[in-house]
>>> print(open('target35.cif').read())   # mmCIF, C-alpha atoms
data_run
loop_
_atom_site.label_atom_id
_atom_site.label_comp_id
_atom_site.auth_asym_id
_atom_site.auth_seq_id
_atom_site.Cartn_x
_atom_site.Cartn_y
_atom_site.Cartn_z
CA MET A 135 -20.38 -13.23 8.93
CA ASN A 136 -19.36 -12.97 12.56
CA GLU A 137 -15.84 -12.22 13.86
CA ASP A 138 -14.91 -15.91 14.08
CA GLU A 139 -15.92 -16.40 10.45
CA TYR A 140 -13.90 -13.37 9.40
CA ARG A 141 -10.90 -14.73 11.32
CA ILE A 142 -11.19 -18.07 9.50
CA ALA A 143 -11.52 -16.23 6.17
CA ARG A 144 -8.33 -14.25 6.91
CA LYS A 145 -6.45 -17.44 7.76
CA ARG A 146 -7.56 -19.03 4.49
CA MET A 147 -6.61 -15.84 2.60
CA VAL A 148 -3.09 -15.93 4.02
CA GLU A 149 -2.59 -19.63 3.33
CA GLU A 150 -4.19 -19.91 -0.12
CA GLN A 151 -3.65 -16.49 -1.69
CA ILE A 152 -0.42 -15.20 -0.17
CA ALA A 153 1.83 -17.94 1.22
CA ALA A 154 0.91 -20.28 -1.62
CA ARG A 155 2.25 -17.67 -4.07
CA GLY A 156 5.59 -17.40 -2.33
CA VAL A 157 5.26 -14.55 0.17
CA LEU A 158 6.59 -16.32 3.25
CA ASP A 159 7.89 -13.67 5.68
CA PRO A 160 6.43 -14.77 9.05
CA PRO A 161 5.87 -11.28 10.55
CA LEU A 162 4.19 -10.10 7.35
CA LEU A 163 1.95 -13.17 7.18
CA ALA A 164 0.99 -12.60 10.81
CA VAL A 165 0.01 -9.00 10.04
CA MET A 166 -1.99 -10.02 6.96
CA GLY A 167 -3.80 -12.52 9.15
CA SER A 168 -4.65 -9.93 11.79
CA VAL A 169 -5.72 -6.76 9.93
CA PRO A 170 -9.55 -6.83 9.57
CA ARG A 171 -9.83 -6.22 5.81
CA HIS A 172 -13.64 -6.35 6.02
CA LEU A 173 -13.59 -3.02 7.88
CA PHE A 174 -11.92 -1.36 4.88
CA VAL A 175 -14.41 -2.41 2.19
CA PRO A 176 -17.91 -1.02 1.47
CA ALA A 177 -20.78 -2.70 3.29
CA ASP A 178 -22.22 -4.04 0.04
CA ASP A 179 -19.02 -6.01 -0.61
CA LEU A 180 -18.47 -7.59 2.80
CA ALA A 181 -19.05 -11.07 1.39
CA TRP A 182 -15.98 -10.58 -0.84
CA ALA A 183 -13.75 -8.87 1.74
CA TYR A 184 -11.24 -11.74 1.73
CA ALA A 185 -11.64 -12.76 -1.90
CA ASP A 186 -8.66 -13.05 -4.24
CA GLY A 187 -9.04 -9.74 -6.06
CA PRO A 188 -9.44 -5.96 -5.77
CA LEU A 189 -12.73 -4.33 -4.79
CA PRO A 190 -14.23 -0.92 -5.64
CA ILE A 191 -14.30 1.61 -2.80
CA GLY A 192 -15.95 4.51 -4.62
CA TYR A 193 -14.64 7.55 -6.52
CA GLY A 194 -13.20 5.23 -9.17
CA GLN A 195 -10.71 3.75 -6.69
CA THR A 196 -10.10 0.22 -5.41
CA ILE A 197 -8.74 -1.71 -2.45
CA SER A 198 -5.92 -3.86 -3.81
CA GLN A 199 -5.91 -7.65 -4.02
CA PRO A 200 -4.58 -9.09 -0.72
CA TYR A 201 -1.67 -10.82 -2.47
CA ILE A 202 -0.55 -7.56 -4.10
CA VAL A 203 -0.71 -5.77 -0.74
CA ALA A 204 1.47 -8.48 0.80
CA LEU A 205 3.89 -8.63 -2.14
CA MET A 206 4.47 -4.87 -2.27
CA THR A 207 4.99 -4.80 1.48
CA GLU A 208 7.50 -7.64 1.21
CA LEU A 209 9.36 -5.87 -1.61
CA LEU A 210 9.62 -2.76 0.58
CA GLN A 211 11.50 -4.78 3.25
CA VAL A 212 9.89 -2.91 6.15
CA GLU A 213 11.65 -2.92 9.52
CA SER A 214 10.11 -2.04 12.88
CA THR A 215 12.12 1.20 13.20
CA ASN A 216 11.22 2.51 9.73
CA ARG A 217 9.36 5.64 8.67
CA ILE A 218 7.23 4.77 5.63
CA LEU A 219 5.35 6.86 3.09
CA GLU A 220 2.36 5.45 1.22
CA VAL A 221 0.94 7.20 -1.83
CA GLY A 222 -2.70 6.37 -2.53
CA THR A 223 -4.40 5.75 0.81
CA GLY A 224 -7.69 4.56 -0.64
CA SER A 225 -9.63 2.86 2.15
CA GLY A 226 -6.57 2.69 4.42
CA TYR A 227 -6.00 -1.07 4.30
CA GLN A 228 -2.42 -0.97 2.99
CA ALA A 229 -1.62 1.77 5.52
CA ALA A 230 -2.95 -0.46 8.30
CA VAL A 231 -0.66 -3.30 7.21
CA LEU A 232 2.31 -0.93 7.09
CA GLY A 233 1.31 0.58 10.43
CA GLN A 234 1.68 -2.79 12.13
CA MET A 235 5.15 -3.31 10.67
CA ALA A 236 6.79 0.14 10.84
CA ALA A 237 7.34 2.75 13.53
CA GLU A 238 5.63 5.56 11.60
CA VAL A 239 3.53 5.75 8.44
CA HIS A 240 2.48 8.79 6.44
CA THR A 241 -0.14 8.14 3.76
CA ILE A 242 -1.46 10.57 1.14
CA GLU A 243 -4.77 10.45 -0.74
CA VAL A 244 -5.71 12.84 -3.54
CA ILE A 245 -9.48 12.41 -2.94
CA PRO A 246 -10.33 14.27 0.30
CA GLU A 247 -13.44 12.19 1.02
CA LEU A 248 -11.46 8.95 0.90
CA ALA A 249 -8.70 10.45 3.04
CA ALA A 250 -11.24 11.47 5.68
CA GLN A 251 -12.91 8.05 5.69
CA ALA A 252 -9.59 6.22 5.92
CA ALA A 253 -8.51 8.45 8.80
CA ARG A 254 -11.71 7.64 10.68
CA THR A 255 -11.30 3.91 10.12
CA LEU A 256 -7.63 3.86 11.14
CA THR A 257 -8.26 6.02 14.21
CA GLY A 258 -11.15 3.78 15.23
CA LEU A 259 -8.83 0.77 15.05
CA GLY A 260 -6.22 2.47 17.23
CA TYR A 261 -3.51 3.20 14.65
CA THR A 262 -1.82 6.13 16.37
CA ASN A 263 1.32 5.80 14.23
CA VAL A 264 -0.46 6.22 10.86
CA HIS A 265 -0.95 9.81 9.68
CA VAL A 266 -3.36 10.45 6.80
CA HIS A 267 -2.93 13.49 4.54
CA ALA A 268 -5.02 14.77 1.65
CA GLY A 269 -3.02 16.03 -1.32
CA ASP A 270 -0.97 15.27 -4.43
CA GLY A 271 0.86 12.09 -3.56
CA SER A 272 3.07 12.30 -6.64
CA LEU A 273 4.88 15.12 -4.82
CA GLY A 274 5.41 12.98 -1.74
CA TRP A 275 5.16 14.41 1.78
CA PRO A 276 8.38 16.37 2.37
CA GLN A 277 7.27 17.46 5.84
CA ALA A 278 8.31 14.07 7.25
CA GLU A 279 11.16 13.02 4.94
CA PRO A 280 13.43 11.11 4.63
CA TYR A 281 11.59 7.80 4.35
CA ASP A 282 13.05 4.32 4.70
CA GLY A 283 10.42 3.10 2.27
CA ILE A 284 7.83 4.56 -0.11
CA LEU A 285 4.98 2.44 -1.47
CA VAL A 286 2.82 3.77 -4.29
CA ALA A 287 -0.59 2.13 -4.67
CA ALA A 288 -1.39 3.74 -8.04
CA ALA A 289 0.13 3.52 -11.51
CA ALA A 290 2.59 6.16 -12.69
CA PRO A 291 4.06 6.77 -16.16
CA SER A 292 7.48 6.81 -14.47
CA ALA A 293 8.92 6.89 -10.95
CA PRO A 294 8.31 10.47 -9.70
CA GLN A 295 11.56 12.27 -8.91
CA PRO A 296 10.15 13.89 -5.73
CA LEU A 297 9.56 10.41 -4.29
CA LEU A 298 13.08 9.27 -5.13
CA ASP A 299 14.45 12.47 -3.59
CA GLN A 300 12.56 11.81 -0.33
CA LEU A 301 14.11 8.38 0.18
CA ALA A 302 16.68 7.96 2.93
CA ASP A 303 20.05 6.48 2.03
CA GLY A 304 19.35 2.77 1.59
CA GLY A 305 15.62 3.42 1.25
CA ARG A 306 13.33 1.67 -1.23
CA LEU A 307 10.52 2.78 -3.51
CA VAL A 308 7.96 0.23 -4.75
CA ILE A 309 5.75 1.56 -7.54
CA PRO A 310 3.70 0.26 -10.51
CA VAL A 311 5.01 1.92 -13.69
CA GLY A 312 3.62 1.69 -17.20
CA SER A 313 0.54 2.58 -19.21
CA ARG A 314 -2.94 3.25 -17.86
CA GLY A 315 -3.97 -0.36 -18.50
CA TYR A 316 -0.88 -2.38 -17.60
CA GLN A 317 2.17 -1.80 -15.43
CA GLN A 318 5.10 -3.59 -13.86
CA LEU A 319 6.15 -3.23 -10.26
CA GLU A 320 9.46 -1.39 -10.04
CA VAL A 321 11.66 -1.60 -6.94
CA TRP A 322 14.04 1.35 -6.57
CA LYS A 323 16.86 1.58 -4.03
CA ARG A 324 18.82 4.69 -3.09
CA THR A 325 22.53 4.54 -2.32
CA GLY A 326 23.87 8.00 -1.64
CA GLN A 327 22.88 10.06 -4.67
CA GLU A 328 22.58 7.01 -6.92
CA PHE A 329 19.43 5.02 -7.71
CA GLU A 330 19.13 1.52 -9.06
CA HIS A 331 15.96 -0.38 -9.85
CA ARG A 332 14.63 -3.73 -10.94
CA ILE A 333 11.34 -4.90 -12.38
CA ASP A 334 9.04 -7.38 -10.67
CA LEU A 335 5.47 -8.57 -11.33
CA GLY A 336 3.09 -7.30 -14.00
CA VAL A 337 0.08 -5.57 -12.42
CA ALA A 338 -2.91 -3.32 -13.18
CA PHE A 339 -3.52 -0.34 -10.86
CA VAL A 340 -5.74 2.73 -11.04
CA PRO A 341 -3.81 5.76 -12.38
CA LEU A 342 -1.76 7.97 -10.08
CA ARG A 343 -3.23 11.46 -10.24
CA GLY A 344 -1.11 14.56 -9.78
CA GLU A 345 1.76 16.61 -11.14
CA HIS A 346 4.01 13.57 -11.67
CA GLY A 347 1.19 11.14 -12.44
CA TRP A 348 -1.63 11.15 -14.95
CA ARG A 349 -3.41 14.46 -15.45
#
>>> encode(input="target35.cif", output="structure tokens")
Amino acid sequence: MNEDEYRIARKRMVEEQIAARGVLDPPLLAVMGSVPRHLFVPADDLAWAYADGPLPIGYGQTISQPYIVALMTELLQVESTNRILEVGTGSGYQAAVLGQMAAEVHTIEVIPELAAQAARTLTGLGYTNVHVHAGDGSLGWPQAEPYDGILVAAAAPSAPQPLLDQLADGGRLVIPVGSRGYQQLEVWKRTGQEFEHRIDLGVAFVPLRGEHGWR
């Protein structure tokens, strides 16, 4: 496929996979239509870069389904002045979407090789406001806290307390919580020292690895 064909595929992805399912925020749809997802998938899977599903990226990890990326971003309610933390960088695609919507993004990946590859891809695309770190994402990244939003792209047995603690007042945490095979998206909001949460869509993510994830 050439760049025009990829552009057409992105437009179709936004219309048929994302907007058709109810994610309608215009700035978010514009970002989903502009980020070149094909640059974040392995070369062998380029034909499926804009397909309606996750794809393997090596090391037992995946790049999430485009709709899930859009939905989690919408649930986070990102504003242009926000500092955002992402846990589970993977290929860097979700970080790229967040990087176009927020002022600053920190993203953590437990697999050093994936972190390095994502950093190269994001740097090559000019994302100067996205900072990639290798480490245990279940502990967050306290060096840059507090965060207006935290998005976790891996499944946890429960919402890690370090992530809740690193939220700014009014900040949100979006995280899949449940068993290894099935989870539900939880949306947490901090108000002072209090936390409230609600449950959204049922999902299936790879396990969150780390001290507050799956060992």
>>> resolve_selection(input="target35.cif", expression="the PyMOL selection byres ((chain A and resi 329) around 10)", output="list in words")
Leu298, Asp299, Asp303, Gly304, Gly305, Arg306, Trp322, Lys323, Arg324, Thr325, Gly326, Gln327, Glu328, Glu330 and His331 of chain A
>>> resolve_selection(input="target35.cif", expression="the PyMOL selection byres ((chain A and resi 206-208) around 9)", output="PDB file with C-alpha atoms, in the coordinates of the input")
ATOM      1  CA  VAL A 157       5.260 -14.550   0.170  1.00  0.00           C
ATOM      2  CA  LEU A 158       6.590 -16.320   3.250  1.00  0.00           C
ATOM      3  CA  ASP A 159       7.890 -13.670   5.680  1.00  0.00           C
ATOM      4  CA  LEU A 162       4.190 -10.100   7.350  1.00  0.00           C
ATOM      5  CA  TYR A 201      -1.670 -10.820  -2.470  1.00  0.00           C
ATOM      6  CA  ILE A 202      -0.550  -7.560  -4.100  1.00  0.00           C
ATOM      7  CA  VAL A 203      -0.710  -5.770  -0.740  1.00  0.00           C
ATOM      8  CA  ALA A 204       1.470  -8.480   0.800  1.00  0.00           C
ATOM      9  CA  LEU A 205       3.890  -8.630  -2.140  1.00  0.00           C
ATOM     10  CA  LEU A 209       9.360  -5.870  -1.610  1.00  0.00           C
ATOM     11  CA  LEU A 210       9.620  -2.760   0.580  1.00  0.00           C
ATOM     12  CA  GLN A 211      11.500  -4.780   3.250  1.00  0.00           C
ATOM     13  CA  VAL A 212       9.890  -2.910   6.150  1.00  0.00           C
ATOM     14  CA  GLN A 228      -2.420  -0.970   2.990  1.00  0.00           C
ATOM     15  CA  VAL A 231      -0.660  -3.300   7.210  1.00  0.00           C
ATOM     16  CA  LEU A 232       2.310  -0.930   7.090  1.00  0.00           C
ATOM     17  CA  LEU A 285       4.980   2.440  -1.470  1.00  0.00           C
ATOM     18  CA  ALA A 287      -0.590   2.130  -4.670  1.00  0.00           C
ATOM     19  CA  VAL A 308       7.960   0.230  -4.750  1.00  0.00           C
ATOM     20  CA  ILE A 309       5.750   1.560  -7.540  1.00  0.00           C
ATOM     21  CA  LEU A 319       6.150  -3.230 -10.260  1.00  0.00           C
TER      22      LEU A 319
END
>>> resolve_selection(input="target35.cif", expression="the PyMOL selection byres ((chain A and resi 168) around 10)", output="ChimeraX atom specification")
/A:141,144-145,148,162-167,169-171,231,234
>>> atom_distance(input="target35.cif", atom1="atom CA of A:Gly312", atom2="atom CA of A:Val340")
11.3 Å
>>> atom_distance(input="target35.cif", atom1="atom CA of A:Asn263", atom2="atom CA of A:Tyr227")
14.1 Å
>>> residues_around(input="target35.cif", residues="A:Leu173", least_positions_apart="6", cutoff="9 Å", atoms="only C-alpha atoms", output="ChimeraX atom specification")
/A:180,183,227,255
>>> residues_around(input="target35.cif", residues="A:Asp282", least_positions_apart="4", cutoff="6 Å", atoms="all atoms listed in the file", output="PDB file with C-alpha atoms, in the coordinates of the input")
ATOM      1  CA  ASN A 216      11.220   2.510   9.730  1.00  0.00           C
ATOM      2  CA  ARG A 217       9.360   5.640   8.670  1.00  0.00           C
ATOM      3  CA  ILE A 218       7.230   4.770   5.630  1.00  0.00           C
ATOM      4  CA  ALA A 302      16.680   7.960   2.930  1.00  0.00           C
ATOM      5  CA  GLY A 305      15.620   3.420   1.250  1.00  0.00           C
TER       6      GLY A 305
END
>>> closest_residue(input="target35.cif", among="A:Ala143, A:Ala290, A:Val337, A:Leu342", to="A:Gln199", atoms="only C-alpha atoms")
A:Val337
>>> atom_distance(input="target35.cif", atom1="atom CA of A:Gly269", atom2="atom CA of A:Leu219")
13.2 Å
>>> closest_residue(input="target35.cif", among="A:Leu189, A:Val286, A:Leu256, A:Ile152", to="A:Ile242", atoms="all atoms listed in the file")
A:Val286
>>> closest_residue(input="target35.cif", among="A:Gly233, A:Gly226, A:Pro200, A:Gly192", to="A:Asp179", atoms="all atoms listed in the file")
A:Gly192
>>> residues_near_point(input="target35.cif", point="(-21.1, -9.9, 12.2)", cutoff="12 Å", atoms="only C-alpha atoms", output="list in words")
Met135, Asn136, Glu137, Asp138, Glu139, Tyr140, Arg141, His172, Leu173, Ala177, Leu180 and Ala181 of chain A
>>> residues_around(input="target35.cif", residues="A:Thr196", least_positions_apart="2", cutoff="9 Å", atoms="all atoms listed in the file", output="list in words")
Pro188, Leu189, Pro190, Ile191, Gly192, Tyr193, Gly194, Ser198, Gly224, Ser225, Phe339 and Val340 of chain A
>>> residues_around(input="target35.cif", residues="A:Arg349", least_positions_apart="6", cutoff="12 Å", atoms="all atoms listed in the file", output="PyMOL selection string")
chain A and resi 270+272+290-291+314+341-343
